[in-house]
Amino acid sequence: MLFEPRSGRLAAWGNALLAGLVSPDEAVLSIVGEDAVHRVAGLPGESGPVGLTLALGRMRALGVTGLRIALPAPGHPLGLSGPPEFNARALEAEEAVVCAGAALGLVPEVHEAGPAGDVHVSVVWHCLPVREAPPADVPSLSEAERELAEALREATTALTRLDVAGSGPVADAALSAYRARAEAGREALAPGYPPRAVRVLALAQRVDLMVSLAYENGHGGAVAASEMAARAEALRPVERVARRALVAAYNSAVEAREG
């Protein structure tokens with residue numbers, strides 16, 4: 001799962017721009033982040049790919065009032081509402097943005113070029129029609145916060161029992177580094193999001209990092225095939241809960257306006 005999905009940055013800062021809380025330049029800089037350039041292809045009324053500034057303005061003119069994200073995985077169309085073509089593209093990319101107020105969605109296509117350490121990343125967001133229907137399986141912020149707290153407790157207990165590296169000092173050090181980076185000025189969400197959304201996003205990212213460390217930092221004591229299977233079994237529902245919480249956090253600005 002993506003730790004900070006590009007769809008999340010586009011939705012968060014796009015929502016702040018649509019609400020008049022940030023300037024177009026600030027929104028675009030925050031969306032692009034460390035990438036080189038983002039463009040949008042297939043926008044109604046445009047004959048070819050356009051820059052983000054023009055694209056966000058065009059989307060407003062088309063009636064877009066807010067942006068939601070989707071983080072689908074095989075068997076879990078989280079945040080999607082169809083049609084099948086859009087869902088398939090979103091599943092392949094593992095993320096998408098769905099517009100409120102207009103039946104449009106955006107799926108990123110990421111291109112990387114250059115040697116290690118000097119990689120040039122460009123992103124093309126493909127604009128496609130979507131079905132206007134409630135998104136699949138998105139919890140409320142309160143539900144997401146409760147689910148995350150329970151999942152974190154259960155996963156920590158299970159991974160500690162399995163002697164997995166992601167549940168011990170390595171995870172603590174990585175989480176401390178993440179918190180230090182956040183306190184040094186990294187924006188968790190754009191202006192206009194409720195405090196609870198910031199809290200849920202931070203907890204979801206913490207859970208996501210713990211899962212990544214458990215998968216990536218060696219086998220710990222779980223060397224037998226049965227123990228590796230037990231680790232995967234412990235992590236699978238936690239990953240699902242974390243993805244649901246990320247979607248709930250990023251989508252909360254739109255839900256608050258529409259509620």
# chains A, B, ... in the order shown; residues from 1 in each chain; ligands from 1
>>> closest_atom_pairs(of="segment 57-152 of chain A", to="segment 200-208 of chain A", cutoff="8 Å", atoms="only C-alpha atoms", output="Markdown table")
| residue | atom | partner | partner_atom | distance |
| --- | --- | --- | --- | --- |
| A:Leu141 | CA | A:Val200 | CA | 7.1 |
| A:Ala144 | CA | A:Val200 | CA | 7.2 |
| A:Glu145 | CA | A:Val200 | CA | 5.7 |
| A:Leu148 | CA | A:Ala204 | CA | 6.9 |
| A:Leu152 | CA | A:Val207 | CA | 6.5 |
>>> write_last_selection(atoms="all heavy atoms", output="PDB file, in the first residue's frame")
ATOM      1  N   LEU A 141     -15.149   8.770   9.846  1.00  0.00           N
ATOM      2  CA  LEU A 141     -13.908   9.011  10.588  1.00  0.00           C
ATOM      3  C   LEU A 141     -13.939   8.319  11.946  1.00  0.00           C
ATOM      4  O   LEU A 141     -12.933   7.741  12.378  1.00  0.00           O
ATOM      5  CB  LEU A 141     -13.687  10.514  10.773  1.00  0.00           C
ATOM      6  CG  LEU A 141     -13.026  11.262   9.624  1.00  0.00           C
ATOM      7  CD1 LEU A 141     -12.982  12.753   9.940  1.00  0.00           C
ATOM      8  CD2 LEU A 141     -11.619  10.738   9.367  1.00  0.00           C
ATOM      9  N   ALA A 144     -13.396   4.639  11.446  1.00  0.00           N
ATOM     10  CA  ALA A 144     -12.011   4.372  11.059  1.00  0.00           C
ATOM     11  C   ALA A 144     -11.074   4.474  12.255  1.00  0.00           C
ATOM     12  O   ALA A 144     -10.167   3.648  12.418  1.00  0.00           O
ATOM     13  CB  ALA A 144     -11.578   5.344   9.966  1.00  0.00           C
ATOM     14  N   GLU A 145     -11.287   5.467  13.101  1.00  0.00           N
ATOM     15  CA  GLU A 145     -10.422   5.644  14.267  1.00  0.00           C
ATOM     16  C   GLU A 145     -10.552   4.461  15.221  1.00  0.00           C
ATOM     17  O   GLU A 145      -9.551   3.949  15.739  1.00  0.00           O
ATOM     18  CB  GLU A 145     -10.774   6.953  14.975  1.00  0.00           C
ATOM     19  CG  GLU A 145      -9.786   7.355  16.039  1.00  0.00           C
ATOM     20  CD  GLU A 145     -10.031   8.767  16.540  1.00  0.00           C
ATOM     21  OE1 GLU A 145     -11.200   9.197  16.575  1.00  0.00           O
ATOM     22  OE2 GLU A 145      -9.052   9.438  16.892  1.00  0.00           O
ATOM     23  N   LEU A 148      -8.908   1.323  13.642  1.00  0.00           N
ATOM     24  CA  LEU A 148      -7.450   1.410  13.648  1.00  0.00           C
ATOM     25  C   LEU A 148      -6.872   1.090  15.015  1.00  0.00           C
ATOM     26  O   LEU A 148      -5.887   0.361  15.132  1.00  0.00           O
ATOM     27  CB  LEU A 148      -7.010   2.817  13.227  1.00  0.00           C
ATOM     28  CG  LEU A 148      -6.896   3.088  11.738  1.00  0.00           C
ATOM     29  CD1 LEU A 148      -6.679   4.574  11.504  1.00  0.00           C
ATOM     30  CD2 LEU A 148      -5.761   2.285  11.127  1.00  0.00           C
ATOM     31  N   LEU A 152      -4.403  -2.015  15.551  1.00  0.00           N
ATOM     32  CA  LEU A 152      -3.032  -1.797  16.000  1.00  0.00           C
ATOM     33  C   LEU A 152      -2.719  -2.669  17.209  1.00  0.00           C
ATOM     34  O   LEU A 152      -1.654  -3.292  17.288  1.00  0.00           O
ATOM     35  CB  LEU A 152      -2.824  -0.316  16.331  1.00  0.00           C
ATOM     36  CG  LEU A 152      -1.401   0.106  16.697  1.00  0.00           C
ATOM     37  CD1 LEU A 152      -0.446  -0.201  15.558  1.00  0.00           C
ATOM     38  CD2 LEU A 152      -1.369   1.587  17.030  1.00  0.00           C
TER      39      LEU A 152
END
>>> select_by_dssp(residues="segment 59-165 of chain A", states="helix (DSSP H, G or I)", output="ChimeraX atom specification")
/A:59-61,84-93,141-161,165
>>> closest_residue(among="A:Ala61, A:Met210, A:Val198, A:Ala151", to="Arg240 of chain A", atoms="only C-alpha atoms")
A:Ala151
>>> residues_around(residues="Gly105 of chain A", least_positions_apart="3", cutoff="7 Å", atoms="only C-alpha atoms", output="list of chain:residue names")
A:Val97, A:Val98, A:Cys99, A:Cys127, A:Leu128, A:Pro129, A:Val130
>>> atom_distance(atom1="atom CA of Pro72 of chain A", atom2="atom CA of Leu91 of chain A")
5.4 Å
>>> closest_residue(among="A:Arg68, A:Arg6, A:Arg58, A:Arg146", to="Ala249 of chain A", atoms="only C-alpha atoms")
A:Arg68
>>> closest_residue(among="A:Leu80, A:Ala234, A:Val40, A:Leu54", to="Leu106 of chain A", atoms="only C-alpha atoms")
A:Val40
>>> residues_around(residues="Glu92 of chain A", least_positions_apart="4", cutoff="10 Å", atoms="only C-alpha atoms", output="NGL selection string")
:A and (72-74 or 86-88 or 96 or 107-109)
>>> write_last_selection(atoms="N, CA, C and O atoms", output="compact mmCIF listing (two decimals), in the first residue's frame")
# COMPACT_ATOMS: atom_id res chain seq x y z
N PRO A 72 -8.15 0.94 -4.13
CA PRO A 72 -8.64 -0.43 -4.31
C PRO A 72 -7.50 -1.45 -4.26
O PRO A 72 -6.34 -1.14 -4.53
N ALA A 73 -7.86 -2.66 -3.91
CA ALA A 73 -6.97 -3.81 -3.94
C ALA A 73 -7.78 -4.99 -4.47
O ALA A 73 -9.01 -4.94 -4.48
N PRO A 74 -7.12 -6.06 -4.94
CA PRO A 74 -7.87 -7.20 -5.45
C PRO A 74 -8.91 -7.69 -4.44
O PRO A 74 -8.61 -7.95 -3.28
N PHE A 86 -13.28 2.15 -15.41
CA PHE A 86 -12.59 3.00 -14.45
C PHE A 86 -12.08 2.17 -13.27
O PHE A 86 -10.94 2.35 -12.82
N ASN A 87 -12.90 1.26 -12.77
CA ASN A 87 -12.48 0.42 -11.66
C ASN A 87 -11.23 -0.38 -12.01
O ASN A 87 -10.31 -0.52 -11.19
N ALA A 88 -11.19 -0.92 -13.24
CA ALA A 88 -10.03 -1.72 -13.65
C ALA A 88 -8.77 -0.86 -13.71
O ALA A 88 -7.69 -1.29 -13.27
N ALA A 96 -6.95 6.14 -7.10
CA ALA A 96 -7.66 7.01 -8.03
C ALA A 96 -8.27 8.16 -7.25
O ALA A 96 -8.37 8.13 -6.02
N VAL A 107 -7.09 8.75 -12.81
CA VAL A 107 -6.21 7.63 -12.46
C VAL A 107 -4.78 8.00 -12.87
O VAL A 107 -4.55 8.40 -14.01
N PRO A 108 -3.80 7.86 -11.95
CA PRO A 108 -2.44 8.27 -12.29
C PRO A 108 -1.67 7.20 -13.07
O PRO A 108 -1.80 6.00 -12.82
N GLU A 109 -0.87 7.66 -14.00
CA GLU A 109 0.10 6.82 -14.70
C GLU A 109 1.47 7.43 -14.43
O GLU A 109 1.73 8.58 -14.80
>>> atom_distance(atom1="atom CA of Glu143 of chain A", atom2="atom CA of Leu17 of chain A")
27.4 Å
>>> residues_around(residues="Ala11 of chain A", least_positions_apart="3", cutoff="7 Å", atoms="only C-alpha atoms", output="VMD selection string")
chain A and resid 7 to 8 14 to 15 67 to 69 97 250
>>> select_by_dssp(residues="segment 21-158 of chain A", states="strand (DSSP E)", output="count of residues only")
37
>>> closest_residue(among="A:Pro24, A:Pro195, A:Gly117, A:Gly66", to="Ala12 of chain A", atoms="only C-alpha atoms")
A:Gly66
>>> closest_residue(among="A:Asp137, A:Asp35, A:Glu95, A:Asp118", to="Leu78 of chain A", atoms="only C-alpha atoms")
A:Asp137
>>> atom_distance(atom1="atom CA of Gly33 of chain A", atom2="atom CA of Glu46 of chain A")
24.7 Å
